[in-house]
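Next up, structure.cif (mmCIF, C-alpha atoms; chains and numbers go by the auth columns):
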data_work
loop_
_atom_site.group_PDB
_atom_site.id
_atom_site.type_symbol
_atom_site.label_atom_id
_atom_site.label_comp_id
_atom_site.label_asym_id
_atom_site.label_seq_id
_atom_site.Cartn_x
_atom_site.Cartn_y
_atom_site.Cartn_z
_atom_site.B_iso_or_equiv
_atom_site.auth_seq_id
_atom_site.auth_asym_id
ATOM 1 C CA MET A 1 -24.294 28.568 7.550 0.00 27 A
ATOM 2 C CA ALA A 2 -22.287 27.914 10.724 0.00 28 A
ATOM 3 C CA ASP A 3 -20.092 30.583 12.324 0.00 29 A
ATOM 4 C CA TRP A 4 -16.925 28.693 11.394 0.00 30 A
ATOM 5 C CA ALA A 5 -17.986 28.713 7.746 0.00 31 A
ATOM 6 C CA ARG A 6 -18.537 32.504 7.721 0.00 32 A
ATOM 7 C CA ALA A 7 -15.048 33.084 9.101 0.00 33 A
ATOM 8 C CA GLN A 8 -13.361 31.080 6.324 0.00 34 A
ATOM 9 C CA SER A 9 -13.071 31.790 2.643 0.00 35 A
ATOM 10 C CA PRO A 10 -15.500 30.140 0.201 0.00 36 A
ATOM 11 C CA ALA A 11 -12.648 28.062 -1.275 0.00 37 A
ATOM 12 C CA ALA A 12 -11.758 26.685 2.163 0.00 38 A
ATOM 13 C CA VAL A 13 -15.385 25.811 2.882 0.00 39 A
ATOM 14 C CA GLU A 14 -15.665 24.072 -0.482 0.00 40 A
ATOM 15 C CA GLU A 15 -12.521 22.074 0.254 0.00 41 A
ATOM 16 C CA ILE A 16 -13.884 21.005 3.651 0.00 42 A
ATOM 17 C CA LEU A 17 -17.187 19.961 2.091 0.00 43 A
ATOM 18 C CA ASP A 18 -15.375 18.098 -0.683 0.00 44 A
ATOM 19 C CA ARG A 19 -13.278 16.144 1.862 0.00 45 A
ATOM 20 C CA GLU A 20 -16.384 15.278 3.852 0.00 46 A
ATOM 21 C CA ASN A 21 -18.161 14.169 0.674 0.00 47 A
ATOM 22 C CA LYS A 22 -15.241 11.906 -0.297 0.00 48 A
ATOM 23 C CA ARG A 23 -15.152 10.412 3.209 0.00 49 A
ATOM 24 C CA MET A 24 -18.874 9.651 3.069 0.00 50 A
ATOM 25 C CA ALA A 25 -18.555 8.173 -0.445 0.00 51 A
ATOM 26 C CA ASP A 26 -15.758 5.861 0.750 0.00 52 A
ATOM 27 C CA SER A 27 -17.881 4.798 3.710 0.00 53 A
ATOM 28 C CA LEU A 28 -20.807 4.036 1.418 0.00 54 A
ATOM 29 C CA ALA A 29 -18.575 2.058 -0.952 0.00 55 A
ATOM 30 C CA SER A 30 -17.317 -0.128 1.910 0.00 56 A
ATOM 31 C CA LYS A 31 -20.902 -0.761 3.059 0.00 57 A
ATOM 32 C CA VAL A 32 -21.911 -1.790 -0.471 0.00 58 A
ATOM 33 C CA THR A 33 -18.947 -4.176 -0.638 0.00 59 A
ATOM 34 C CA ARG A 34 -19.960 -5.763 2.669 0.00 60 A
ATOM 35 C CA LEU A 35 -23.546 -6.174 1.479 0.00 61 A
ATOM 36 C CA LYS A 36 -22.384 -7.837 -1.739 0.00 62 A
ATOM 37 C CA SER A 37 -20.222 -10.313 0.186 0.00 63 A
ATOM 38 C CA ASP A 38 -23.171 -11.090 2.502 0.00 64 A
ATOM 39 C CA SER A 39 -25.306 -11.751 -0.579 0.00 65 A
ATOM 40 C CA ASP A 40 -22.631 -14.067 -1.998 0.00 66 A
ATOM 41 C CA PHE A 41 -22.490 -15.901 1.332 0.00 67 A
ATOM 42 C CA THR A 42 -26.270 -16.345 1.363 0.00 68 A
ATOM 43 C CA SER A 43 -26.334 -17.794 -2.158 0.00 69 A
ATOM 44 C CA MET A 44 -23.448 -20.131 -1.291 0.00 70 A
ATOM 45 C CA THR A 45 -25.329 -21.319 1.807 0.00 71 A
ATOM 46 C CA GLY A 46 -28.362 -22.133 -0.351 0.00 72 A
ATOM 47 C CA LEU A 47 -26.185 -24.073 -2.778 0.00 73 A
ATOM 48 C CA LEU A 48 -24.594 -26.086 0.027 0.00 74 A
ATOM 49 C CA THR A 49 -27.976 -26.802 1.612 0.00 75 A
ATOM 50 C CA GLY A 50 -29.278 -28.209 -1.682 0.00 76 A
ATOM 51 C CA SER A 51 -26.170 -30.333 -2.119 0.00 77 A
ATOM 52 C CA VAL A 52 -26.485 -31.772 1.386 0.00 78 A
ATOM 53 C CA LYS A 53 -30.141 -32.650 0.751 0.00 79 A
ATOM 54 C CA ARG A 54 -29.272 -34.470 -2.481 0.00 80 A
ATOM 55 C CA PHE A 55 -26.367 -36.239 -0.762 0.00 81 A
ATOM 56 C CA SER A 56 -28.620 -37.365 2.117 0.00 82 A
ATOM 57 C CA THR A 57 -31.273 -38.644 -0.286 0.00 83 A
ATOM 58 C CA MET A 58 -28.676 -40.642 -2.181 0.00 84 A
ATOM 59 C CA ALA A 59 -27.255 -42.074 1.055 0.00 85 A
ATOM 60 C CA ARG A 60 -30.691 -43.255 2.207 0.00 86 A
ATOM 61 C CA SER A 61 -31.500 -45.040 -1.029 0.00 87 A
ATOM 62 C CA GLY A 62 -30.233 -48.549 -1.953 0.00 88 A
ATOM 63 C CA ARG A 63 -26.927 -50.398 -1.678 0.00 89 A
ATOM 64 C CA ASP A 64 -25.773 -49.503 -5.217 0.00 90 A
ATOM 65 C CA ASN A 65 -25.868 -45.849 -4.359 0.00 91 A
ATOM 66 C CA ARG A 66 -23.748 -46.502 -1.278 0.00 92 A
ATOM 67 C CA LYS A 67 -20.902 -47.659 -3.515 0.00 93 A
ATOM 68 C CA LEU A 68 -21.273 -44.499 -5.547 0.00 94 A
ATOM 69 C CA LEU A 69 -21.455 -42.446 -2.361 0.00 95 A
ATOM 70 C CA CYS A 70 -18.249 -43.979 -0.984 0.00 96 A
ATOM 71 C CA GLY A 71 -16.503 -43.354 -4.296 0.00 97 A
ATOM 72 C CA MET A 72 -17.623 -39.729 -4.316 0.00 98 A
ATOM 73 C CA ALA A 73 -16.546 -39.227 -0.693 0.00 99 A
ATOM 74 C CA LEU A 74 -13.138 -40.724 -1.398 0.00 100 A
ATOM 75 C CA GLY A 75 -12.805 -38.566 -4.530 0.00 101 A
ATOM 76 C CA LEU A 76 -13.680 -35.413 -2.587 0.00 102 A
ATOM 77 C CA ILE A 77 -11.115 -36.246 0.085 0.00 103 A
ATOM 78 C CA VAL A 78 -8.427 -36.772 -2.569 0.00 104 A
ATOM 79 C CA VAL A 79 -9.354 -33.492 -4.290 0.00 105 A
ATOM 80 C CA PHE A 80 -9.205 -31.691 -0.935 0.00 106 A
ATOM 81 C CA PHE A 81 -5.689 -32.965 -0.216 0.00 107 A
ATOM 82 C CA ILE A 82 -4.490 -32.134 -3.735 0.00 108 A
ATOM 83 C CA LEU A 83 -5.854 -28.584 -3.477 0.00 109 A
ATOM 84 C CA SER A 84 -4.360 -28.062 -0.024 0.00 110 A
ATOM 85 C CA TYR A 85 -0.994 -29.316 -1.300 0.00 111 A
ATOM 86 C CA LEU A 86 -1.117 -27.012 -4.335 0.00 112 A
ATOM 87 C CA LEU A 87 -2.106 -24.014 -2.205 0.00 113 A
ATOM 88 C CA SER A 88 0.709 -24.668 0.269 0.00 114 A
ATOM 89 C CA ARG A 89 3.185 -24.895 -2.621 0.00 115 A
ATOM 90 C CA ALA A 90 1.848 -21.688 -4.172 0.00 116 A
ATOM 91 C CA ARG A 91 2.447 -19.724 -0.951 0.00 117 A
ATOM 92 C CA THR A 92 6.126 -20.696 -0.729 0.00 118 A
#

Final structure tokens representation of the file:
Amino acid sequence: MADWARAQSPAAVEEILDRENKRMADSLASKVTRLKSDSDFTSMTGLLTGSVKRFSTMARSGRDNRKLLCGMALGLIVVFFILSYLLSRART
């Protein structure tokens, strides 16, 4: 045991160790949270990549799909503006 620990009472040493343990546990919890969010980001990237591939395949195929593609693009734009409007209203 270190010299500073011998000079203090056992209760004080236990309190110091307990504080250090809590600090390390909090640090570990924040690291786990960051890792989980990185994992969520990775899965979202995979989902978006698959969607872009399907969208590109549909765009390259015939004229009928182009009408569908334009309709979907227009629908997504409308949904985007509606969501942005609702979010701006929710903040105020």

Quick one: 8 Å padding each side, axis-aligned, all listed atoms of stretch 50-69 of chain A - centre and edge lengths in Å to one decimal, as lines of an AutoDock Vina configuration file?
center_x = -21.0
center_y = -4.1
center_z = 0.8
size_x = 26.6
size_y = 43.4
size_z = 21.9

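We find atom CA of A:Val78 and atom CA of A:Leu95 to be spaced 12.4 Å apart.
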
How many Å separate atom CA of A:Leu74 from atom CA of A:Arg117? 27.8 Å

May I ask for the distance between atom CA of A:Leu73 and atom CA of A:Ser56, given in Å to one decimal place? 26.0 Å

Residues within 12 Å of stretch 83-87 of chain A, only C-alpha atoms, excluding chain neighbours under 6 positions, as a ChimeraX atom specification: /A:76-77,93-96,98-99

Save the residues we just selected, C-alpha atoms, as a compact mmCIF listing (two decimals), keeping the file's coordinate frame?
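Final output, saved to selection-v1.txt:
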# COMPACT_ATOMS: atom_id res chain seq x y z
CA GLY A 76 -29.28 -28.21 -1.68
CA SER A 77 -26.17 -30.33 -2.12
CA LYS A 93 -20.90 -47.66 -3.52
CA LEU A 94 -21.27 -44.50 -5.55
CA LEU A 95 -21.46 -42.45 -2.36
CA CYS A 96 -18.25 -43.98 -0.98
CA MET A 98 -17.62 -39.73 -4.32
CA ALA A 99 -16.55 -39.23 -0.69

Can you sort out stretch 49-60 of chain A so it carries N, CA, C and O atoms, written as a PDB file, in the coordinates of the input?
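Result file rebuild_35.pdb:
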ATOM      1  N   ARG A  49     -15.163  11.329   2.070  1.00  0.00           N
ATOM      2  CA  ARG A  49     -15.152  10.412   3.209  1.00  0.00           C
ATOM      3  C   ARG A  49     -16.463   9.619   3.259  1.00  0.00           C
ATOM      4  O   ARG A  49     -16.472   8.402   3.445  1.00  0.00           O
ATOM      5  N   MET A  50     -17.573  10.318   3.038  1.00  0.00           N
ATOM      6  CA  MET A  50     -18.874   9.651   3.069  1.00  0.00           C
ATOM      7  C   MET A  50     -19.032   8.684   1.887  1.00  0.00           C
ATOM      8  O   MET A  50     -19.620   7.612   2.029  1.00  0.00           O
ATOM      9  N   ALA A  51     -18.496   9.048   0.728  1.00  0.00           N
ATOM     10  CA  ALA A  51     -18.555   8.173  -0.445  1.00  0.00           C
ATOM     11  C   ALA A  51     -17.735   6.903  -0.198  1.00  0.00           C
ATOM     12  O   ALA A  51     -18.171   5.796  -0.563  1.00  0.00           O
ATOM     13  N   ASP A  52     -16.568   7.033   0.418  1.00  0.00           N
ATOM     14  CA  ASP A  52     -15.758   5.861   0.750  1.00  0.00           C
ATOM     15  C   ASP A  52     -16.476   4.960   1.749  1.00  0.00           C
ATOM     16  O   ASP A  52     -16.445   3.732   1.635  1.00  0.00           O
ATOM     17  N   SER A  53     -17.121   5.565   2.719  1.00  0.00           N
ATOM     18  CA  SER A  53     -17.881   4.798   3.710  1.00  0.00           C
ATOM     19  C   SER A  53     -19.017   4.030   3.036  1.00  0.00           C
ATOM     20  O   SER A  53     -19.247   2.854   3.323  1.00  0.00           O
ATOM     21  N   LEU A  54     -19.717   4.683   2.138  1.00  0.00           N
ATOM     22  CA  LEU A  54     -20.807   4.036   1.418  1.00  0.00           C
ATOM     23  C   LEU A  54     -20.286   2.892   0.547  1.00  0.00           C
ATOM     24  O   LEU A  54     -20.887   1.823   0.486  1.00  0.00           O
ATOM     25  N   ALA A  55     -19.152   3.103  -0.103  1.00  0.00           N
ATOM     26  CA  ALA A  55     -18.575   2.058  -0.952  1.00  0.00           C
ATOM     27  C   ALA A  55     -18.209   0.825  -0.127  1.00  0.00           C
ATOM     28  O   ALA A  55     -18.437  -0.313  -0.561  1.00  0.00           O
ATOM     29  N   SER A  56     -17.663   1.024   1.075  1.00  0.00           N
ATOM     30  CA  SER A  56     -17.317  -0.128   1.910  1.00  0.00           C
ATOM     31  C   SER A  56     -18.571  -0.853   2.381  1.00  0.00           C
ATOM     32  O   SER A  56     -18.597  -2.084   2.468  1.00  0.00           O
ATOM     33  N   LYS A  57     -19.649  -0.122   2.652  1.00  0.00           N
ATOM     34  CA  LYS A  57     -20.902  -0.761   3.059  1.00  0.00           C
ATOM     35  C   LYS A  57     -21.487  -1.580   1.915  1.00  0.00           C
ATOM     36  O   LYS A  57     -21.982  -2.690   2.127  1.00  0.00           O
ATOM     37  N   VAL A  58     -21.407  -1.060   0.699  1.00  0.00           N
ATOM     38  CA  VAL A  58     -21.911  -1.790  -0.471  1.00  0.00           C
ATOM     39  C   VAL A  58     -21.102  -3.072  -0.669  1.00  0.00           C
ATOM     40  O   VAL A  58     -21.670  -4.136  -0.943  1.00  0.00           O
ATOM     41  N   THR A  59     -19.802  -2.996  -0.497  1.00  0.00           N
ATOM     42  CA  THR A  59     -18.947  -4.176  -0.638  1.00  0.00           C
ATOM     43  C   THR A  59     -19.320  -5.238   0.385  1.00  0.00           C
ATOM     44  O   THR A  59     -19.406  -6.420   0.061  1.00  0.00           O
ATOM     45  N   ARG A  60     -19.552  -4.810   1.635  1.00  0.00           N
ATOM     46  CA  ARG A  60     -19.960  -5.763   2.669  1.00  0.00           C
ATOM     47  C   ARG A  60     -21.296  -6.408   2.335  1.00  0.00           C
ATOM     48  O   ARG A  60     -21.488  -7.603   2.527  1.00  0.00           O
TER      49      ARG A  60
END
